[in-house]
Amino acid sequence: MAHKSYARCIDLPTEQVFHNIRNAKRFAIDIGGSLAKVAYSSLVKKKSTMVFDEPDSSSIYNVSETDQEIVRLHFVKFETKYIETCLDFIKANLIQSRDSMLDKVIKVTGGGAYKYTELINRKLGVQVDKEDEMECLIKGCNFLLKNIADEAFCYLRHGNPEYKFQGVDSDIFPYLLVNIGSGVSLCKVESESKFERIGGTSTGGGTFWGLGSLLTSAKEFDDLLELAEKGDHKSVDMLVKDIYGGDYNAVGLGGDVIASSFGKAARCTKDTAQNSPTFKKEDVVRSLLLCISNDIGQIAYLQAKIHNVKKIYFGGFFIRGHPFTMHTITFAINFWSKGEIQALYLRHEGYLGAIGAFLKGMEEEDSERYSWGENLAGSSGLASPKHMTVSLMQELTNNFSMLEINRLERALQPCPLLLDVISYFPDTVDLTQDKDARDYWLKCFAEGANKTRLLAIKSQPHEVDATERADKFLQKYLERLKSLEINPCAYGSLTVRSLLDTSAHFLEESLFTDIFSQQKQIENEQALRLLPQRLKYLDELPLSERHFEMALGILAGNVFDWGAKEVCSILETQQMSLQDAQAKLQKRPWLFDDFDAWLARITQPHPYRCAVIFCDNSGMDIILGIFPFARHLLSVGTNVILCANSQPSLNDVVYGELLWVVKKAGDVCPILQEAIRDGRLKVMESGQGSPCLDLRLIDEHLVVAIKEQEADLIVIEGMGRAVHTNFDATFACDALKVAVIKNRWLANRFGGEMFSVMFKYEKGRKVSSSPSPARSSSPVHR
Amino acid sequence: MDFHSVGSDSKSLEDDKGSISNSGSSNNICNGHRNGSPDSFFDLTGQLKMPLFGMDIGGTLTKLVYYEPTNFDEFDLKERETLQTIHKYLIGNTAYGKTGIRDVHLEMGNQTICGRNGKIHFIRFPTAQMSAFIDLARGKNFSGLASGICATGGGAYMFEEIFKKTVNLTLHKYDELECLLKGIHYIDRHNPSECYYFSNPRDTGCSEKLPFDFHNPYPYLVVNIGSGVSILSVRSKTDYSRVSGTSLGGGTFLGLCCLLTNCETFEEAIELASKGDSTNIDKLVKDIYGGDYDKFGLKGETVACSFGQMMSQDKRKSAKREDLARATLVTLTNNIGSIARMCAKTEKIERVVFVGNFLRVNEISMKLLAYAMDYWSNGSLKALFLQHEGYFGAMGCLLEYLQLNSGLI
């Protein structure tokens, strides 16, 4: 690698790369032949809000921002030639004196672990623990597959989308991990602790590099890949049709199948008359790449067959996310398995070893107790946009990349009410696939970003650097949206949910938290004042009308959404009452109208045991819409769990706020108060921080409560939770999906108008006793 | 000579264990009944025409098996003349021009086929020289003797039209897999030391070739290494299939060697390889781990990365041709061995027969394969080899031809 440094003399921007390293608690290094990865954990500052009651205050509650620390894992990947720079930086910033580090241990893995032990020891003066490479890779792989959404994907060079992400899998074993480094190792992984190297081959990435360099003048691996992409192997390889004149039907080989790699390069196979070589070096390299990829694919397929494993993940420096290599491996697996097995790749495959080594050092703290989530604001995306040449990609990607993973405060688990967790996919529209929708939403989010910036500044009036941070947020978020336009697959499936999460992560990174806090408080106070009157109005209606009015109340409340820009412009300029909102609603029959079926069910004599309600907006929505509905359920004997986001997002009501709002509502309504007292009305955290709802990952305490109370009704409210996500979700119990579509574009897409109403009542499906159907090859929705 | 009269004379074929004849009731090679192509090699008098040969046209080499009857006197005069010209040409030179070769050491004498005694000759030439062969066929008036030639291999399809057009000869195509297996069985029965193995496969220094009794062959795996590789699983005379294959075969070895060392021929490539040392080119487990990789049971001497040392520019500059040729040979051989091993496992078969011209003058690969089969399977797999390496397809093709005709008698 050394001779290339003059061409690219950019040094590692250490400050930027080793973000937060001063707080680092623990290290691990994975040193490969060409790339090194450093892993460390740190405590990262973030802002959060605290909601509390202040006696004798006129306000409903008080909110204050506090500093909080979260645990974050950092993984940085850079060229191995910078390893000294890296160690010097670590030393300068972290290790004050050799003595303080003497008792510390650093985990090192990878092919370079042996070579660099001396250097690390000398530079840092710490004990170096060498960890087995394969073991680290597998540990890292298990961790990513279990925790990071859309970690795994299939690659289809000519597909739409090009990447097919696999969601989150709770059931990851058994699988085959094929690590293609210099050579190739195949491991069968059966559980967290059980794995076995079942085979390998010496023809791997090093063979491609070594042979490729001998056959051409190219020196670097990436140069060879670039050549391969341009070449045509047909002039070098002997194809079936070169021998048969066409297909070899008797054994089912098509004419274009390679019969003998490099077969045409042998002199004596040529007619002496035309002995001059008819191929270019590009052709030779392509032939070499195909030959090695096909070979690895065949060996992996045969091993999968011998060991009866259906999932094969490929990683290692040979792959490194390069579309063309993934294409050749995918092709090979398809060819050998006749489409039976799909080759799978990992978004963060380069970090497996470093993650594994790091986790090994952490074992006593038990990483499995926690849930972990990718910090979208601090991680690099897949640098492989469609139709982009390798050299352009190199320019785009810096000489380093990063992955940040946050330890979540609460452990998350799949919602037990889902009919089938394996086939559940939260998002309704896959924006990587649907270009119209992608264009619309990317534009929509970009246009709304400045409003977020202004609100962010306003949310921290006493912080002098708020504007500066907000500007930075805007710049970075817009940059990200731009990059997603070029490569929508860079961070897994692109969805409205992922775009909202991205915005939230960037806000958090710029030390903002609940930017709608003040707005929410004003609205909650306003609505709470109107609650007694609203309850009285409903109570006076005859029962038959009351149900309809309650439904209308939820719908009208749902109009008060600061996440919908068309509603914002109304709310910013005029006062709007619940009645005003109600007047805007589509008249029945609604766009999705199951009200009659719902009415038939709710007026039956046997009430639901327990309803789980996923709430949406603060103010009118929760207080005048949801509370009366919950109150009715309580009054007929149904227990109610109100679920609110754990983290702030737009004007959605947050758990901390909802606790107080419910309490204050109890002060004006005896039914609510009694239910709170008796534990029949519970307020719980959903574990989420998004206007959307991913039911694969909800707070484990909520999961326990749902099971204990044997919940038999799930109510999902709002556009984010019931339209952008969960629209197609099926449940084992009855489900009510209620939302007002406050986006003209989306409404039109559904064939409706602005303020179209979705009132879906779905009967619970019996949980089938047969095993859940195998996940379809493409879990990505239409 | 009348074939009607020799049809029942199976005396010399009694040692045949019945693996060739399809009839099952008779061991006579000419008594097999086939409902094959009605097209015949007979003239109107029903007499089998000479010359008798089968041809296997592969991607790189064309293999020709020629049956030379001992007594020419039985032919009529005109026929004899033509036959003798061809015969003289076919067996007269051990080298046909520059590239055609008759493998004299493989010649099988005293073979009784269809009641006639004779010799079987084994000849090969590059498929790229097919035009020269066609010229021969035209010049020596093949079509005057027979309406067609029987052939197998991809070239039987590839060259069908050209034979018809330029020399008015029909290429009678026979199934490649069937020819290969029939050839193996015939030659194994008729050549005493045909099948062999290497004793002490793990100690290449003192391992030696020993004959193997292949009379009860089933089930076995055939790994046919020509330009590419085909792997067949054979469970009985009629139950066999192609289970896998790889494009990394003999053609890959020769192609890469030509590019890397500038050599011209297979012989030269093998010669270079025999003088080379692949450990100067490959990265071994010990080059990476300093010794054995015990955790996974990998010995320090195991190749971790083929051509791994060539990632370094300095090492590339000092790489010797001989070492490069050896590394290429070792890489290809090990890869074939590893795929063969996995196929043996999926097929639950323990005997692996390696054939094909890649093994010609190539004891390095044979010993490597014997080692690999034994070592990686803990002794449960056995690598077997056959003396007539690449000629089984052509031999089987000749047998098919005879059977086809005898069925019509």
# chains A, B, ... in the order shown; residues from 1 in each chain; ligands from 1
>>> residues_around(residues="region 547-564 of chain A", least_positions_apart="5", cutoff="6 Å", atoms="only C-alpha atoms", output="VMD selection string")
chain A and resid 581 to 582 620 to 621 625 to 626
>>> residues_around(residues="Ile288 (chain B)", least_positions_apart="5", cutoff="10 Å", atoms="only C-alpha atoms", output="number ranges by chain")
A: 111-112, 114-115; B: 283, 293, 300, 304-305
>>> write_last_selection(atoms="all heavy atoms", output="PDB file, in the first residue's frame")
ATOM      1  N   GLY A 111      -5.491 -10.254  10.742  1.00  0.00           N
ATOM      2  CA  GLY A 111      -4.235 -10.803  10.255  1.00  0.00           C
ATOM      3  C   GLY A 111      -3.021 -10.030  10.740  1.00  0.00           C
ATOM      4  O   GLY A 111      -1.934 -10.575  10.880  1.00  0.00           O
ATOM      5  N   GLY A 112      -3.209  -8.744  10.995  1.00  0.00           N
ATOM      6  CA  GLY A 112      -2.079  -7.915  11.405  1.00  0.00           C
ATOM      7  C   GLY A 112      -1.837  -7.921  12.906  1.00  0.00           C
ATOM      8  O   GLY A 112      -0.903  -7.280  13.401  1.00  0.00           O
ATOM      9  N   TYR A 114      -0.592 -10.033  14.823  1.00  0.00           N
ATOM     10  CA  TYR A 114       0.728 -10.514  15.213  1.00  0.00           C
ATOM     11  C   TYR A 114       1.797  -9.490  14.876  1.00  0.00           C
ATOM     12  O   TYR A 114       2.682  -9.198  15.662  1.00  0.00           O
ATOM     13  CB  TYR A 114       1.014 -11.851  14.537  1.00  0.00           C
ATOM     14  CG  TYR A 114       0.073 -12.925  15.007  1.00  0.00           C
ATOM     15  CD1 TYR A 114      -1.197 -13.054  14.454  1.00  0.00           C
ATOM     16  CD2 TYR A 114       0.437 -13.772  16.044  1.00  0.00           C
ATOM     17  CE1 TYR A 114      -2.075 -14.019  14.913  1.00  0.00           C
ATOM     18  CE2 TYR A 114      -0.429 -14.743  16.520  1.00  0.00           C
ATOM     19  CZ  TYR A 114      -1.689 -14.859  15.946  1.00  0.00           C
ATOM     20  OH  TYR A 114      -2.560 -15.804  16.410  1.00  0.00           O
ATOM     21  N   LYS A 115       1.640  -8.936  13.683  1.00  0.00           N
ATOM     22  CA  LYS A 115       2.648  -8.004  13.178  1.00  0.00           C
ATOM     23  C   LYS A 115       2.708  -6.718  14.014  1.00  0.00           C
ATOM     24  O   LYS A 115       3.772  -6.144  14.194  1.00  0.00           O
ATOM     25  CB  LYS A 115       2.270  -7.687  11.731  1.00  0.00           C
ATOM     26  CG  LYS A 115       3.378  -7.087  10.903  1.00  0.00           C
ATOM     27  CD  LYS A 115       2.936  -7.052   9.441  1.00  0.00           C
ATOM     28  CE  LYS A 115       3.605  -5.918   8.702  1.00  0.00           C
ATOM     29  NZ  LYS A 115       2.954  -5.673   7.406  1.00  0.00           N
TER      30      LYS A 115
ATOM     31  N   LYS B 283       0.893 -17.958  -0.097  1.00  0.00           N
ATOM     32  CA  LYS B 283       1.033 -17.671   1.331  1.00  0.00           C
ATOM     33  C   LYS B 283       0.522 -18.881   2.097  1.00  0.00           C
ATOM     34  O   LYS B 283      -0.604 -19.320   1.874  1.00  0.00           O
ATOM     35  CB  LYS B 283       0.194 -16.446   1.703  1.00  0.00           C
ATOM     36  CG  LYS B 283       1.040 -15.251   2.020  1.00  0.00           C
ATOM     37  CD  LYS B 283       0.248 -14.127   2.616  1.00  0.00           C
ATOM     38  CE  LYS B 283       1.106 -12.862   2.572  1.00  0.00           C
ATOM     39  NZ  LYS B 283       0.310 -11.660   2.664  1.00  0.00           N
ATOM     40  N   TYR B 293      -2.421 -23.337  12.612  1.00  0.00           N
ATOM     41  CA  TYR B 293      -3.567 -22.598  13.143  1.00  0.00           C
ATOM     42  C   TYR B 293      -4.406 -23.665  13.842  1.00  0.00           C
ATOM     43  O   TYR B 293      -5.347 -24.207  13.286  1.00  0.00           O
ATOM     44  CB  TYR B 293      -4.322 -21.939  11.987  1.00  0.00           C
ATOM     45  CG  TYR B 293      -5.393 -20.948  12.379  1.00  0.00           C
ATOM     46  CD1 TYR B 293      -5.629 -20.587  13.711  1.00  0.00           C
ATOM     47  CD2 TYR B 293      -6.188 -20.350  11.405  1.00  0.00           C
ATOM     48  CE1 TYR B 293      -6.614 -19.669  14.039  1.00  0.00           C
ATOM     49  CE2 TYR B 293      -7.174 -19.428  11.725  1.00  0.00           C
ATOM     50  CZ  TYR B 293      -7.381 -19.101  13.043  1.00  0.00           C
ATOM     51  OH  TYR B 293      -8.370 -18.197  13.362  1.00  0.00           O
ATOM     52  N   GLY B 300       0.556 -25.545   9.411  1.00  0.00           N
ATOM     53  CA  GLY B 300       1.332 -24.406   8.916  1.00  0.00           C
ATOM     54  C   GLY B 300       1.651 -24.506   7.438  1.00  0.00           C
ATOM     55  O   GLY B 300       1.768 -23.492   6.744  1.00  0.00           O
ATOM     56  N   ALA B 304      -2.747 -20.944   2.570  1.00  0.00           N
ATOM     57  CA  ALA B 304      -3.812 -20.077   3.067  1.00  0.00           C
ATOM     58  C   ALA B 304      -4.334 -19.224   1.922  1.00  0.00           C
ATOM     59  O   ALA B 304      -5.517 -18.953   1.814  1.00  0.00           O
ATOM     60  CB  ALA B 304      -3.300 -19.198   4.191  1.00  0.00           C
ATOM     61  N   CYS B 305      -3.413 -18.785   1.077  1.00  0.00           N
ATOM     62  CA  CYS B 305      -3.817 -17.908  -0.025  1.00  0.00           C
ATOM     63  C   CYS B 305      -2.956 -18.197  -1.241  1.00  0.00           C
ATOM     64  O   CYS B 305      -1.756 -17.912  -1.251  1.00  0.00           O
ATOM     65  CB  CYS B 305      -3.681 -16.450   0.402  1.00  0.00           C
ATOM     66  SG  CYS B 305      -3.969 -15.318  -0.951  1.00  0.00           S
TER      67      CYS B 305
END
>>> closest_residue(among="A:Thr502, A:Ser34, A:Ser260, A:Ser42", to="chain B", atoms="only C-alpha atoms")
A:Ser260
>>> residues_around(residues="Pro461 (chain A)", least_positions_apart="4", cutoff="12 Å", atoms="only C-alpha atoms", output="PyMOL selection string")
chain A and resi 65+454-457+465-467+512+515+518
>>> closest_atom_pairs(of="chain B", to="chain A", cutoff="6 Å", atoms="only C-alpha atoms", output="JSON lines")
{"residue": "B:Gly59", "atom": "CA", "partner": "A:Ile243", "partner_atom": "CA", "distance": 5.1}
{"residue": "B:Thr60", "atom": "CA", "partner": "A:Thr269", "partner_atom": "CA", "distance": 5.6}
{"residue": "B:Ala128", "atom": "CA", "partner": "A:Asp271", "partner_atom": "CA", "distance": 5.2}
{"residue": "B:Gly154", "atom": "CA", "partner": "A:Tyr244", "partner_atom": "CA", "distance": 4.1}
{"residue": "B:Gly155", "atom": "CA", "partner": "A:Tyr244", "partner_atom": "CA", "distance": 5.7}
{"residue": "B:Tyr157", "atom": "CA", "partner": "A:Tyr244", "partner_atom": "CA", "distance": 5.4}
{"residue": "B:Met158", "atom": "CA", "partner": "A:Gly245", "partner_atom": "CA", "distance": 4.5}
{"residue": "B:Ser227", "atom": "CA", "partner": "A:Ser260", "partner_atom": "CA", "distance": 5.4}
{"residue": "B:Gly228", "atom": "CA", "partner": "A:Ser260", "partner_atom": "CA", "distance": 4.5}
{"residue": "B:Ser247", "atom": "CA", "partner": "A:Ser260", "partner_atom": "CA", "distance": 4.2}
{"residue": "B:Leu248", "atom": "CA", "partner": "A:Ser261", "partner_atom": "CA", "distance": 5.6}
{"residue": "B:Gly251", "atom": "CA", "partner": "A:Gly263", "partner_atom": "CA", "distance": 4.4}
{"residue": "B:Thr252", "atom": "CA", "partner": "A:Phe262", "partner_atom": "CA", "distance": 4.8}
{"residue": "B:Leu254", "atom": "CA", "partner": "A:Ala266", "partner_atom": "CA", "distance": 5.4}
{"residue": "B:Gly255", "atom": "CA", "partner": "A:Ala266", "partner_atom": "CA", "distance": 3.9}
{"residue": "B:Cys258", "atom": "CA", "partner": "A:Ala266", "partner_atom": "CA", "distance": 5.7}
{"residue": "B:Glu264", "atom": "CA", "partner": "A:Arg267", "partner_atom": "CA", "distance": 5.7}
{"residue": "B:Ala304", "atom": "CA", "partner": "A:Ser202", "partner_atom": "CA", "distance": 5.0}
{"residue": "B:Cys305", "atom": "CA", "partner": "A:Ser202", "partner_atom": "CA", "distance": 4.3}
{"residue": "B:Ser306", "atom": "CA", "partner": "A:Ser202", "partner_atom": "CA", "distance": 5.2}
{"residue": "B:Phe307", "atom": "CA", "partner": "A:Thr207", "partner_atom": "CA", "distance": 5.0}
{"residue": "B:Gly308", "atom": "CA", "partner": "A:Gly206", "partner_atom": "CA", "distance": 5.0}
{"residue": "B:Met310", "atom": "CA", "partner": "A:Gly210", "partner_atom": "CA", "distance": 4.2}
{"residue": "B:Met311", "atom": "CA", "partner": "A:Gly210", "partner_atom": "CA", "distance": 4.4}
{"residue": "B:Thr346", "atom": "CA", "partner": "A:Ile306", "partner_atom": "CA", "distance": 5.8}
>>> write_last_selection(atoms="N, CA and C atoms", output="compact mmCIF listing (two decimals), in the first residue's frame")
# COMPACT_ATOMS: atom_id res chain seq x y z
N GLY B 59 -12.78 -29.44 -25.75
CA GLY B 59 -12.52 -28.01 -25.94
C GLY B 59 -11.10 -27.75 -26.38
N THR B 60 -10.15 -28.52 -25.86
CA THR B 60 -8.75 -28.30 -26.18
C THR B 60 -8.19 -29.42 -27.06
N ALA B 128 -8.01 -27.31 -32.07
CA ALA B 128 -7.77 -26.18 -32.96
C ALA B 128 -7.26 -26.64 -34.32
N GLY B 154 -18.15 -32.08 -27.00
CA GLY B 154 -18.81 -30.89 -27.51
C GLY B 154 -18.61 -30.70 -29.00
N GLY B 155 -17.42 -31.09 -29.48
CA GLY B 155 -17.09 -30.89 -30.88
C GLY B 155 -17.97 -31.68 -31.83
N TYR B 157 -20.99 -31.71 -31.80
CA TYR B 157 -22.04 -30.76 -32.18
C TYR B 157 -21.44 -29.61 -32.97
N MET B 158 -20.33 -29.13 -32.43
CA MET B 158 -19.66 -27.95 -32.99
C MET B 158 -19.29 -28.16 -34.46
N SER B 227 -10.48 -29.55 -20.32
CA SER B 227 -10.34 -28.09 -20.28
C SER B 227 -11.05 -27.57 -19.04
N GLY B 228 -12.28 -28.07 -18.85
CA GLY B 228 -13.02 -27.81 -17.62
C GLY B 228 -13.14 -29.14 -16.89
N SER B 247 -15.33 -24.68 -13.95
CA SER B 247 -14.63 -24.16 -15.12
C SER B 247 -13.13 -24.04 -14.85
N LEU B 248 -12.73 -24.32 -13.61
CA LEU B 248 -11.30 -24.25 -13.30
C LEU B 248 -10.69 -25.62 -13.53
N GLY B 251 -7.72 -26.45 -18.84
CA GLY B 251 -7.60 -25.28 -19.71
C GLY B 251 -7.18 -24.05 -18.92
N THR B 252 -7.66 -24.00 -17.68
CA THR B 252 -7.31 -22.87 -16.82
C THR B 252 -5.82 -22.92 -16.47
N LEU B 254 -3.42 -24.40 -18.19
CA LEU B 254 -2.58 -24.09 -19.35
C LEU B 254 -2.70 -22.62 -19.75
N GLY B 255 -3.93 -22.11 -19.74
CA GLY B 255 -4.15 -20.71 -20.11
C GLY B 255 -3.37 -19.78 -19.20
N CYS B 258 0.42 -20.13 -19.75
CA CYS B 258 0.85 -19.44 -20.96
C CYS B 258 0.99 -17.94 -20.69
N GLU B 264 4.44 -22.59 -24.16
CA GLU B 264 3.64 -22.83 -25.36
C GLU B 264 2.72 -24.04 -25.22
N ALA B 304 -2.75 -20.94 2.57
CA ALA B 304 -3.81 -20.08 3.07
C ALA B 304 -4.33 -19.22 1.92
N CYS B 305 -3.41 -18.78 1.08
CA CYS B 305 -3.82 -17.91 -0.02
C CYS B 305 -2.96 -18.20 -1.24
N SER B 306 -3.58 -18.76 -2.26
CA SER B 306 -2.86 -19.03 -3.50
C SER B 306 -2.42 -17.71 -4.13
N PHE B 307 -1.19 -17.65 -4.54
CA PHE B 307 -0.60 -16.44 -5.14
C PHE B 307 -0.55 -15.28 -4.15
N GLY B 308 -0.71 -15.60 -2.87
CA GLY B 308 -0.78 -14.56 -1.85
C GLY B 308 0.47 -13.70 -1.78
N MET B 310 2.19 -12.76 -4.14
CA MET B 310 2.27 -11.91 -5.32
C MET B 310 1.54 -10.57 -5.14
N MET B 311 0.96 -10.38 -3.96
CA MET B 311 0.37 -9.07 -3.68
C MET B 311 1.48 -8.04 -3.51
N THR B 346 -21.59 -34.99 -0.55
CA THR B 346 -23.02 -34.84 -0.80
C THR B 346 -23.58 -36.11 -1.45
